[in-house]
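Below is the file entry.csv, which contains CSV, C-alpha atoms and all ligand atoms.
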```
chain,number,residue,atom,x,y,z
I,1252,MET,CA,0.0,0.0,0.0
I,1253,ASN,CA,1.5,3.4,-1.0
I,1254,ARG,CA,1.1,6.3,1.3
I,1255,SER,CA,0.3,9.5,-0.4
I,1256,SER,CA,-0.2,11.8,2.6
I,1257,GLY,CA,2.5,12.9,4.9
I,1258,ALA,CA,3.6,11.8,8.3
I,1259,ILE,CA,5.1,13.3,11.4
I,1260,LEU,CA,8.3,12.3,13.3
I,1261,VAL,CA,8.8,14.0,16.7
I,1262,LEU,CA,12.3,14.0,18.1
I,1263,SER,CA,12.7,15.0,21.7
I,1264,GLY,CA,15.5,14.8,24.2
I,1265,PRO,CA,17.8,16.9,26.3
I,1266,SER,CA,19.8,19.7,24.8
I,1267,GLY,CA,23.2,18.2,24.4
I,1268,ALA,CA,21.9,14.7,23.4
I,1269,GLY,CA,23.0,15.3,19.8
I,1270,LYS,CA,19.6,15.8,18.1
I,1271,SER,CA,20.9,18.4,15.6
I,1272,SER,CA,23.9,16.3,14.7
I,1273,LEU,CA,21.7,13.3,14.1
I,1274,ILE,CA,19.2,15.3,12.0
I,1275,ASN,CA,22.1,16.6,9.9
I,1276,LYS,CA,23.4,13.1,9.4
I,1277,ILE,CA,20.1,11.5,8.4
I,1278,LYS,CA,18.5,14.2,6.3
I,1279,ASP,CA,19.8,13.0,2.9
I,1280,HIS,CA,18.7,9.4,3.5
I,1281,ILE,CA,15.1,9.6,4.4
I,1282,GLY,CA,13.2,10.9,1.3
I,1283,PRO,CA,11.2,14.1,1.0
I,1284,THR,CA,11.2,15.8,4.4
I,1285,TYR,CA,10.2,19.1,6.0
I,1286,PHE,CA,12.1,20.2,9.1
I,1287,SER,CA,9.8,22.3,11.1
I,1288,ILE,CA,11.4,25.6,12.0
I,1289,SER,CA,10.0,26.7,15.4
I,1290,THR,CA,9.3,30.2,16.6
I,1291,THR,CA,11.0,31.2,19.8
I,1292,THR,CA,11.4,34.2,22.2
I,1293,ARG,CA,14.8,33.0,23.4
I,1294,ALA,CA,17.9,35.0,22.5
I,1295,ILE,CA,19.7,34.1,19.3
I,1296,ARG,CA,23.0,32.1,19.9
I,1297,GLU,CA,26.2,32.6,18.2
I,1298,GLY,CA,26.2,30.8,14.8
I,1299,GLU,CA,22.4,30.7,14.6
I,1300,ILE,CA,20.5,32.3,11.7
I,1301,ASP,CA,17.0,33.8,12.0
I,1302,GLY,CA,14.6,31.8,9.8
I,1303,VAL,CA,17.0,28.8,9.5
I,1304,HIS,CA,17.4,27.6,13.1
I,1305,TYR,CA,14.4,29.4,14.5
I,1306,HIS,CA,12.2,32.3,13.8
I,1307,PHE,CA,13.3,34.6,16.6
I,1308,VAL,CA,10.5,36.9,17.8
I,1309,THR,CA,9.6,39.1,20.8
I,1310,VAL,CA,7.3,37.9,23.5
I,1311,ASP,CA,4.6,40.3,22.2
I,1312,GLU,CA,4.9,38.9,18.7
I,1313,PHE,CA,4.7,35.4,20.1
I,1314,LYS,CA,1.6,36.2,22.1
I,1315,LYS,CA,-0.1,37.7,19.1
I,1316,ASP,CA,0.5,34.4,17.2
I,1317,ILE,CA,-1.0,32.5,20.1
I,1318,GLU,CA,-4.1,34.7,20.0
I,1319,GLN,CA,-4.4,34.2,16.2
I,1320,GLU,CA,-4.2,30.4,16.7
I,1321,MET,CA,-1.1,30.2,14.5
I,1322,PHE,CA,0.5,27.3,16.5
I,1323,LEU,CA,0.0,23.6,16.3
I,1324,GLU,CA,1.5,23.6,19.7
I,1325,TYR,CA,3.6,25.9,21.9
I,1326,ALA,CA,5.2,25.6,25.3
I,1327,ILE,CA,7.5,27.4,27.7
I,1328,VAL,CA,10.9,25.7,27.8
I,1329,HIS,CA,13.7,27.0,30.0
I,1330,GLY,CA,11.7,30.2,30.6
I,1331,ASN,CA,11.2,31.0,26.9
I,1332,TYR,CA,8.3,30.5,24.5
I,1333,TYR,CA,8.7,27.9,21.7
I,1334,GLY,CA,6.1,27.1,19.2
I,1335,THR,CA,5.4,25.1,16.0
I,1336,SER,CA,3.5,27.1,13.3
I,1337,LEU,CA,0.6,25.2,11.8
I,1338,GLY,CA,0.7,26.6,8.2
I,1339,PRO,CA,4.0,25.1,6.9
I,1340,VAL,CA,3.3,21.8,8.6
I,1341,LYS,CA,-0.1,21.5,6.9
I,1342,LYS,CA,1.4,22.4,3.5
I,1343,ALA,CA,4.3,19.8,3.9
I,1344,LEU,CA,1.8,17.1,5.0
I,1345,LYS,CA,-0.3,17.8,1.9
I,1346,GLU,CA,2.8,17.4,-0.2
I,1347,GLY,CA,3.3,13.9,1.3
I,1348,LYS,CA,6.4,14.9,3.2
I,1349,LEU,CA,7.8,13.5,6.5
I,1350,VAL,CA,7.5,16.5,8.9
I,1351,ILE,CA,10.3,16.4,11.5
I,1352,PHE,CA,9.9,18.2,14.8
I,1353,ASP,CA,12.6,18.9,17.3
I,1354,ILE,CA,10.3,19.7,20.3
I,1355,ASP,CA,10.2,19.1,24.0
I,1356,VAL,CA,8.0,16.6,25.9
I,1357,GLN,CA,5.1,19.1,26.3
I,1358,GLY,CA,5.2,19.7,22.5
I,1359,HIS,CA,5.2,15.9,21.9
I,1360,ASP,CA,2.2,15.5,24.2
I,1361,ALA,CA,0.3,18.2,22.2
I,1362,VAL,CA,1.1,16.8,18.8
I,1363,ARG,CA,0.2,13.3,19.9
I,1364,ASN,CA,-3.1,14.5,21.1
I,1365,ARG,CA,-3.9,16.3,17.9
I,1366,LEU,CA,-2.3,14.1,15.2
I,1367,SER,CA,-1.8,10.8,16.9
I,1368,ASP,CA,-2.5,8.5,13.9
I,1369,ILE,CA,0.2,10.0,11.7
I,1370,THR,CA,2.8,10.6,14.5
I,1371,THR,CA,5.9,8.6,15.4
I,1372,SER,CA,8.0,9.8,18.2
I,1373,VAL,CA,11.6,9.2,19.3
I,1374,PHE,CA,13.3,10.2,22.6
I,1375,ILE,CA,17.0,10.8,22.0
I,1376,THR,CA,19.4,10.8,24.9
I,1377,THR,CA,23.0,10.3,26.0
I,1378,PRO,CA,23.9,6.9,27.6
I,1379,THR,CA,24.2,8.6,31.1
I,1380,LEU,CA,23.5,11.8,32.9
I,1381,GLU,CA,27.3,12.1,33.4
I,1382,GLU,CA,27.9,12.1,29.7
I,1383,LEU,CA,25.2,14.7,29.2
I,1384,LYS,CA,26.9,17.0,31.7
I,1385,LYS,CA,30.2,16.5,30.0
I,1386,ARG,CA,28.8,17.3,26.6
I,1387,LEU,CA,26.9,20.4,27.8
I,1388,TYR,CA,30.0,21.8,29.6
I,1389,THR,CA,32.4,21.1,26.6
I,1390,ARG,CA,29.9,22.7,24.2
I,1391,SER,CA,29.8,25.6,26.6
I,1392,THR,CA,27.6,27.8,24.4
I,1393,ASP,CA,25.6,28.7,27.6
I,1394,THR,CA,26.3,30.1,31.1
I,1395,GLN,CA,26.8,27.8,34.1
I,1396,GLU,CA,23.3,28.7,35.3
I,1397,VAL,CA,21.7,27.9,31.9
I,1398,ILE,CA,23.5,24.5,31.8
I,1399,GLU,CA,22.4,23.6,35.3
I,1400,GLY,CA,18.8,24.5,34.2
I,1401,ARG,CA,19.2,22.2,31.2
I,1402,ILE,CA,20.5,19.3,33.4
I,1403,GLU,CA,17.5,19.7,35.8
I,1404,MET,CA,15.2,19.7,32.8
I,1405,ALA,CA,16.8,16.6,31.4
I,1406,LYS,CA,16.3,14.7,34.6
I,1407,ARG,CA,12.6,15.6,34.5
I,1408,GLU,CA,12.3,14.8,30.8
I,1409,VAL,CA,13.8,11.3,31.0
I,1410,GLN,CA,11.0,10.4,33.4
I,1411,ARG,CA,8.6,10.7,30.4
I,1412,ILE,CA,10.5,8.4,28.0
I,1413,SER,CA,7.6,5.8,28.2
I,1414,GLU,CA,5.4,8.3,26.3
I,1415,TYR,CA,7.5,7.8,23.2
I,1416,ASP,CA,7.5,5.1,20.6
I,1417,PHE,CA,11.2,4.7,20.4
I,1418,LEU,CA,14.3,5.4,22.6
I,1419,VAL,CA,17.6,6.1,20.8
I,1420,VAL,CA,20.7,6.2,23.0
I,1421,ASN,CA,23.2,8.4,21.2
I,1422,ASP,CA,26.4,6.8,22.3
I,1423,ASP,CA,27.8,6.3,18.8
I,1424,LEU,CA,26.7,8.9,16.2
I,1425,GLU,CA,27.0,6.4,13.3
I,1426,GLU,CA,25.0,3.7,15.0
I,1427,ALA,CA,22.3,6.1,16.3
I,1428,SER,CA,21.8,7.7,12.9
I,1429,GLU,CA,21.4,4.3,11.3
I,1430,ILE,CA,18.6,3.4,13.8
I,1431,LEU,CA,17.0,6.8,13.3
I,1432,ILE,CA,17.0,6.3,9.5
I,1433,SER,CA,15.1,3.0,10.0
I,1434,ILE,CA,12.6,4.7,12.3
I,1435,ALA,CA,12.1,7.7,9.9
I,1436,LYS,CA,11.4,5.3,7.0
I,1437,ALA,CA,8.9,3.3,9.0
I,1438,ALA,CA,7.3,6.6,10.3
I,1439,ARG,CA,6.5,7.4,6.7
I,1440,MET,CA,4.6,4.2,6.3
I,1441,LYS,CA,2.3,4.8,9.3
I,1442,ILE,CA,-1.3,4.5,8.1
I,1443,PRO,CA,-4.0,6.9,9.4
I,1444,THR,CA,-7.2,5.1,10.5
I,1445,LEU,CA,-9.2,6.6,7.7
I,1446,GLN,CA,-6.8,5.2,5.1
I,1447,ILE,CA,-6.8,1.8,6.8
I,1448,ASN,CA,-10.6,1.6,6.5
I,1449,GLU,CA,-10.4,2.7,2.9
I,1450,PHE,CA,-7.8,0.0,2.1
I,1451,VAL,CA,-9.7,-2.8,3.9
I,1452,HIS,CA,-12.9,-1.8,2.0
I,1453,GLN,CA,-11.1,-1.9,-1.4
I,1454,TRP,CA,-9.3,-5.1,-0.5
I,1455,GLU,CA,-12.6,-6.8,0.3
I,1456,GLU,CA,-14.3,-5.5,-2.9
I,1457,GLN,CA,-11.6,-6.8,-5.1
I,1458,SER,CA,-11.5,-10.3,-3.6
I,1501,LIG,P1,17.2,25.1,22.4
I,1501,LIG,O1,16.9,26.5,23.1
I,1501,LIG,O2,18.3,24.4,23.0
I,1501,LIG,O3,17.3,25.3,20.9
I,1501,LIG,O4,15.9,24.2,22.6
I,1501,LIG,C1,15.4,24.0,23.9
I,1501,LIG,C2,14.3,23.0,23.9
I,1501,LIG,O5,13.1,23.5,23.3
I,1501,LIG,C3,14.6,21.7,23.2
I,1501,LIG,O6,14.3,20.6,24.0
I,1501,LIG,C4,13.8,21.7,22.0
I,1501,LIG,O7,13.4,20.4,21.6
I,1501,LIG,C5,12.6,22.5,22.5
I,1501,LIG,N1,11.8,23.1,21.4
I,1501,LIG,C6,12.3,23.7,20.3
I,1501,LIG,N2,11.3,24.2,19.5
I,1501,LIG,C7,10.2,23.8,20.1
I,1501,LIG,C8,8.8,24.0,19.7
I,1501,LIG,O8,8.4,24.6,18.7
I,1501,LIG,N3,7.9,23.5,20.6
I,1501,LIG,C9,8.2,22.9,21.8
I,1501,LIG,N4,7.3,22.4,22.6
I,1501,LIG,N5,9.5,22.7,22.1
I,1501,LIG,C10,10.5,23.2,21.3
```

Can you dump the structure from the file as structure tokens?
Amino acid sequence: MNRSSGAILVLSGPSGAGKSSLINKIKDHIGPTYFSISTTTRAIREGEIDGVHYHFVTVDEFKKDIEQEMFLEYAIVHGNYYGTSLGPVKKALKEGKLVIFDIDVQGHDAVRNRLSDITTSVFITTPTLEELKKRLYTRSTDTQEVIEGRIEMAKREVQRISEYDFLVVNDDLEEASEILISIAKAARMKIPTLQINEFVHQWEEQS
């Protein structure tokens, strides 16, 4: 059975778990894809580009978008607003693309509630908390206070791994990306309930 409509792949996990590196590694191996660019009120980091990594906006602009129901989901993460705009996601799904979200556990919860039958989710983490701390401190793009906040957040987030379909432990980037490629390919084949009913109906008619 060929899927013509799109599907969603949610990737969550602590900052420092290597989500961005993994996405970069798999992006040319998983077919037509749309990487959702979130909107955020957090400050732009060195090396980030507005409109590429995020759409960076003010709190007032973000609140206006909430009022106008522009978001599929939004949440406050580490004290800043982050949200996924609905428009580009709808367009990509219509084009049959695999839409990839890098969002937190709250965002996953919201997407799952709204689009459960086309959503596959993966929690990505380091093998240990110790390793996460090491990576966050060596990356050192943030202040000590911010890093400590991220570590506390990570401890809370791992408690919710069971809400996800898959767990990928990013110990070895090569191995983790191979696993993620398989999951992404399978995610594309997930069948919405309506399409299953249609298929069964046609299958019976033709027998
Ligand atoms: P960072 O500031 O390190 O880029 O991201 C912090 C956290 O916010 C990460 O866990 C990331 O997955 C999450 N995040 C990024 N964009 C969104 C979004 O649109 N919605 C939600 N709920 N979380 C997001």

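Proximity to ligand LIG 1501 (chain I) was assessed for I:Pro1283, I:Pro1378, I:Pro1265, I:Gly1257 counting all atoms listed in the file; the smallest distance is recorded for I:Pro1265.
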
Using only C-alpha atoms and all ligand atoms, tabulate the residues of chain I lying at most 6 Å from any atom of ligand LIG 1501 (chain I), each with its closest atom pair and that distance in Å to one decimal, by chain and increasing residue number, as JSON lines.
```
{"residue": "I:Ser1263", "atom": "CA", "partner": "I:LIG1501", "partner_atom": "O7", "distance": 5.4}
{"residue": "I:Gly1264", "atom": "CA", "partner": "I:LIG1501", "partner_atom": "O6", "distance": 5.9}
{"residue": "I:Pro1265", "atom": "CA", "partner": "I:LIG1501", "partner_atom": "O6", "distance": 5.6}
{"residue": "I:Ser1266", "atom": "CA", "partner": "I:LIG1501", "partner_atom": "O2", "distance": 5.3}
{"residue": "I:Ser1289", "atom": "CA", "partner": "I:LIG1501", "partner_atom": "O8", "distance": 4.2}
{"residue": "I:Tyr1325", "atom": "CA", "partner": "I:LIG1501", "partner_atom": "N3", "distance": 5.1}
{"residue": "I:Ala1326", "atom": "CA", "partner": "I:LIG1501", "partner_atom": "N4", "distance": 4.7}
{"residue": "I:Val1328", "atom": "CA", "partner": "I:LIG1501", "partner_atom": "O5", "distance": 5.5}
{"residue": "I:Tyr1333", "atom": "CA", "partner": "I:LIG1501", "partner_atom": "C8", "distance": 4.4}
{"residue": "I:Gly1334", "atom": "CA", "partner": "I:LIG1501", "partner_atom": "O8", "distance": 3.4}
{"residue": "I:Thr1335", "atom": "CA", "partner": "I:LIG1501", "partner_atom": "O8", "distance": 4.1}
{"residue": "I:Asp1353", "atom": "CA", "partner": "I:LIG1501", "partner_atom": "O7", "distance": 4.6}
{"residue": "I:Ile1354", "atom": "CA", "partner": "I:LIG1501", "partner_atom": "O7", "distance": 3.4}
{"residue": "I:Asp1355", "atom": "CA", "partner": "I:LIG1501", "partner_atom": "N5", "distance": 4.1}
{"residue": "I:Gln1357", "atom": "CA", "partner": "I:LIG1501", "partner_atom": "N4", "distance": 5.4}
{"residue": "I:Gly1358", "atom": "CA", "partner": "I:LIG1501", "partner_atom": "N4", "distance": 3.4}
```

Quick one: everything within 9 Å of Leu1431 in chain I, counting all atoms listed in the file, minus sequence neighbours fewer than 6 positions away in the same chain. Send it as a short mmCIF file (atom, residue, chain, number, x, y, z; two decimals) with C-alpha atoms, keeping the file's coordinate frame.
```cif
data_model
loop_
_atom_site.label_atom_id
_atom_site.label_comp_id
_atom_site.auth_asym_id
_atom_site.auth_seq_id
_atom_site.Cartn_x
_atom_site.Cartn_y
_atom_site.Cartn_z
CA LEU I 1273 21.70 13.30 14.10
CA ILE I 1274 19.20 15.30 12.00
CA ILE I 1277 20.10 11.50 8.40
CA VAL I 1373 11.60 9.20 19.30
CA VAL I 1419 17.60 6.10 20.80
#
```

Legend entry - Residue nearest Phe1352 in chain I - candidates I:Ile1447, I:Ala1405, I:Gln1319, I:Thr1284, atoms counted: all atoms listed in the file: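 Closest to Phe1352 in chain I of all the choices is I:Thr1284.
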
Legend entry - Selected residue, from I:Asn1421, I:Thr1371, I:Asn1275, I:Thr1309, that lies nearest to Leu1260 in chain I when counting only C-alpha atoms: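 Closest residue, counting only C-alpha atoms: I:Thr1371.
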
Inset, instruction - Would you please work out which residue, of I:His1329, I:Val1451, I:Ala1258, I:Ser1336, is nearest to Arg1401 in chain I when using all atoms listed in the file? - result: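 Checking each candidate against Arg1401 in chain I, we get I:His1329 as the closest.
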
Legend entry - Separation of CA of Phe1313 in chain I from CA of Ile1398 in chain I, in Å and rounded to one decimal: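 That distance, rounded to one decimal, is 24.7 Å.
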
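Proximity of I:Gln1410, I:Asn1364, I:Thr1394, I:Ser1256 to Lys1342 in chain I, computed with only C-alpha atoms, is greatest for I:Ser1256.
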
Legend entry - Minimum-distance residue to Glu1324 in chain I, chosen among I:His1304, I:Lys1348, I:Lys1270, I:Arg1365 (using all atoms listed in the file):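 So, comparing all the options, the nearest one is I:Arg1365.
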
How big is the axis-aligned box around all listed atoms of range 1294-1303 of chain I once 5 Å goes on each side, and where's its centre, in Å to one decimal, as lines of an AutoDock Vina configuration file?
```
center_x = 20.4
center_y = 31.9
center_z = 16.0
size_x = 21.6
size_y = 16.2
size_z = 23.0
```

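You will find CA of Leu1380 in chain I at 23.3 Å from CA of Asp1360 in chain I.
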
Legend entry - Distance query Phe1417 in chain I at most 12 Å, only C-alpha atoms, self and fewer than 3 positions along chain excluded, as a ChimeraX atom specification: /I:1260-1264,1370-1376,1411-1414,1420,1427,1430-1431,1433-1435,1437-1438

Legend entry - Between CA of Leu1323 in chain I and CA of Val1362 in chain I - distance in Å to one decimal: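 Separating CA of Val1362 in chain I from CA of Leu1323 in chain I is a distance of 7.3 Å.
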
Expected file for range 1434-1447 of chain I keeping all heavy atoms, as a compact mmCIF listing (two decimals), in the first residue's frame:
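Resulting contents of part-v2.txt:
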```
# COMPACT_ATOMS: atom_id res chain seq x y z
N ILE I 1434 13.82 4.24 11.65
CA ILE I 1434 12.59 4.72 12.28
C ILE I 1434 11.89 5.73 11.36
O ILE I 1434 10.67 5.68 11.17
CB ILE I 1434 12.88 5.34 13.67
CG1 ILE I 1434 13.43 4.28 14.63
CG2 ILE I 1434 11.62 5.98 14.24
CD1 ILE I 1434 13.94 4.83 15.96
N ALA I 1435 12.69 6.64 10.76
CA ALA I 1435 12.10 7.66 9.89
C ALA I 1435 11.41 7.01 8.68
O ALA I 1435 10.32 7.42 8.28
CB ALA I 1435 13.18 8.63 9.43
N LYS I 1436 12.04 5.98 8.12
CA LYS I 1436 11.44 5.30 6.97
C LYS I 1436 10.13 4.62 7.37
O LYS I 1436 9.15 4.65 6.65
CB LYS I 1436 12.41 4.28 6.38
CG LYS I 1436 13.53 4.96 5.59
CD LYS I 1436 14.46 3.93 4.98
CE LYS I 1436 15.57 4.62 4.17
NZ LYS I 1436 16.61 3.67 3.78
N ALA I 1437 10.14 4.01 8.55
CA ALA I 1437 8.93 3.34 9.04
C ALA I 1437 7.84 4.36 9.36
O ALA I 1437 6.66 4.12 9.09
CB ALA I 1437 9.26 2.50 10.27
N ALA I 1438 8.24 5.52 9.90
CA ALA I 1438 7.27 6.56 10.26
C ALA I 1438 6.46 6.98 9.05
O ALA I 1438 5.26 7.25 9.13
CB ALA I 1438 8.00 7.77 10.85
N ARG I 1439 7.13 7.03 7.91
CA ARG I 1439 6.48 7.43 6.66
C ARG I 1439 5.38 6.44 6.25
O ARG I 1439 4.46 6.78 5.52
CB ARG I 1439 7.55 7.48 5.57
CG ARG I 1439 7.31 8.42 4.48
CD ARG I 1439 8.40 8.26 3.47
NE ARG I 1439 9.53 9.12 3.71
CZ ARG I 1439 9.50 10.44 3.54
NH1 ARG I 1439 8.42 11.03 3.15
NH2 ARG I 1439 10.58 11.16 3.76
N MET I 1440 5.52 5.20 6.70
CA MET I 1440 4.56 4.16 6.32
C MET I 1440 3.39 4.04 7.28
O MET I 1440 2.51 3.21 7.10
CB MET I 1440 5.26 2.80 6.22
CG MET I 1440 6.43 2.74 5.26
SD MET I 1440 6.00 3.38 3.64
CE MET I 1440 4.86 2.11 3.09
N LYS I 1441 3.39 4.87 8.32
CA LYS I 1441 2.30 4.78 9.30
C LYS I 1441 0.98 5.15 8.63
O LYS I 1441 0.89 6.15 7.92
CB LYS I 1441 2.59 5.73 10.47
CG LYS I 1441 1.72 5.46 11.66
CD LYS I 1441 2.35 5.99 12.92
CE LYS I 1441 1.43 5.66 14.08
NZ LYS I 1441 1.98 6.04 15.35
N ILE I 1442 -0.04 4.34 8.88
CA ILE I 1442 -1.29 4.54 8.15
C ILE I 1442 -2.35 5.18 9.03
O ILE I 1442 -2.71 4.63 10.07
CB ILE I 1442 -1.87 3.19 7.65
CG1 ILE I 1442 -0.74 2.27 7.19
CG2 ILE I 1442 -2.89 3.41 6.57
CD1 ILE I 1442 -1.19 0.83 7.14
N PRO I 1443 -2.90 6.34 8.59
CA PRO I 1443 -4.00 6.93 9.36
C PRO I 1443 -5.22 6.02 9.32
O PRO I 1443 -5.45 5.33 8.31
CB PRO I 1443 -4.30 8.24 8.63
CG PRO I 1443 -3.19 8.46 7.69
CD PRO I 1443 -2.55 7.13 7.42
N THR I 1444 -6.00 6.02 10.40
CA THR I 1444 -7.16 5.14 10.53
C THR I 1444 -8.07 5.19 9.30
O THR I 1444 -8.51 4.15 8.79
CB THR I 1444 -7.98 5.54 11.77
OG1 THR I 1444 -7.05 5.85 12.80
CG2 THR I 1444 -8.91 4.44 12.21
N LEU I 1445 -8.32 6.41 8.82
CA LEU I 1445 -9.21 6.57 7.67
C LEU I 1445 -8.71 5.78 6.46
O LEU I 1445 -9.47 5.11 5.77
CB LEU I 1445 -9.27 8.04 7.27
CG LEU I 1445 -10.56 8.78 7.57
CD1 LEU I 1445 -10.44 10.22 7.17
CD2 LEU I 1445 -11.74 8.11 6.89
N GLN I 1446 -7.37 5.88 6.26
CA GLN I 1446 -6.78 5.20 5.11
C GLN I 1446 -6.83 3.67 5.27
O GLN I 1446 -6.98 2.95 4.31
CB GLN I 1446 -5.35 5.67 4.93
CG GLN I 1446 -5.07 6.08 3.51
CD GLN I 1446 -3.72 6.76 3.41
OE1 GLN I 1446 -3.47 7.74 4.11
NE2 GLN I 1446 -2.86 6.25 2.59
N ILE I 1447 -6.72 3.20 6.52
CA ILE I 1447 -6.81 1.76 6.77
C ILE I 1447 -8.20 1.27 6.36
O ILE I 1447 -8.36 0.28 5.65
CB ILE I 1447 -6.59 1.40 8.26
CG1 ILE I 1447 -5.19 1.81 8.70
CG2 ILE I 1447 -6.82 -0.09 8.51
CD1 ILE I 1447 -4.93 1.58 10.17
```
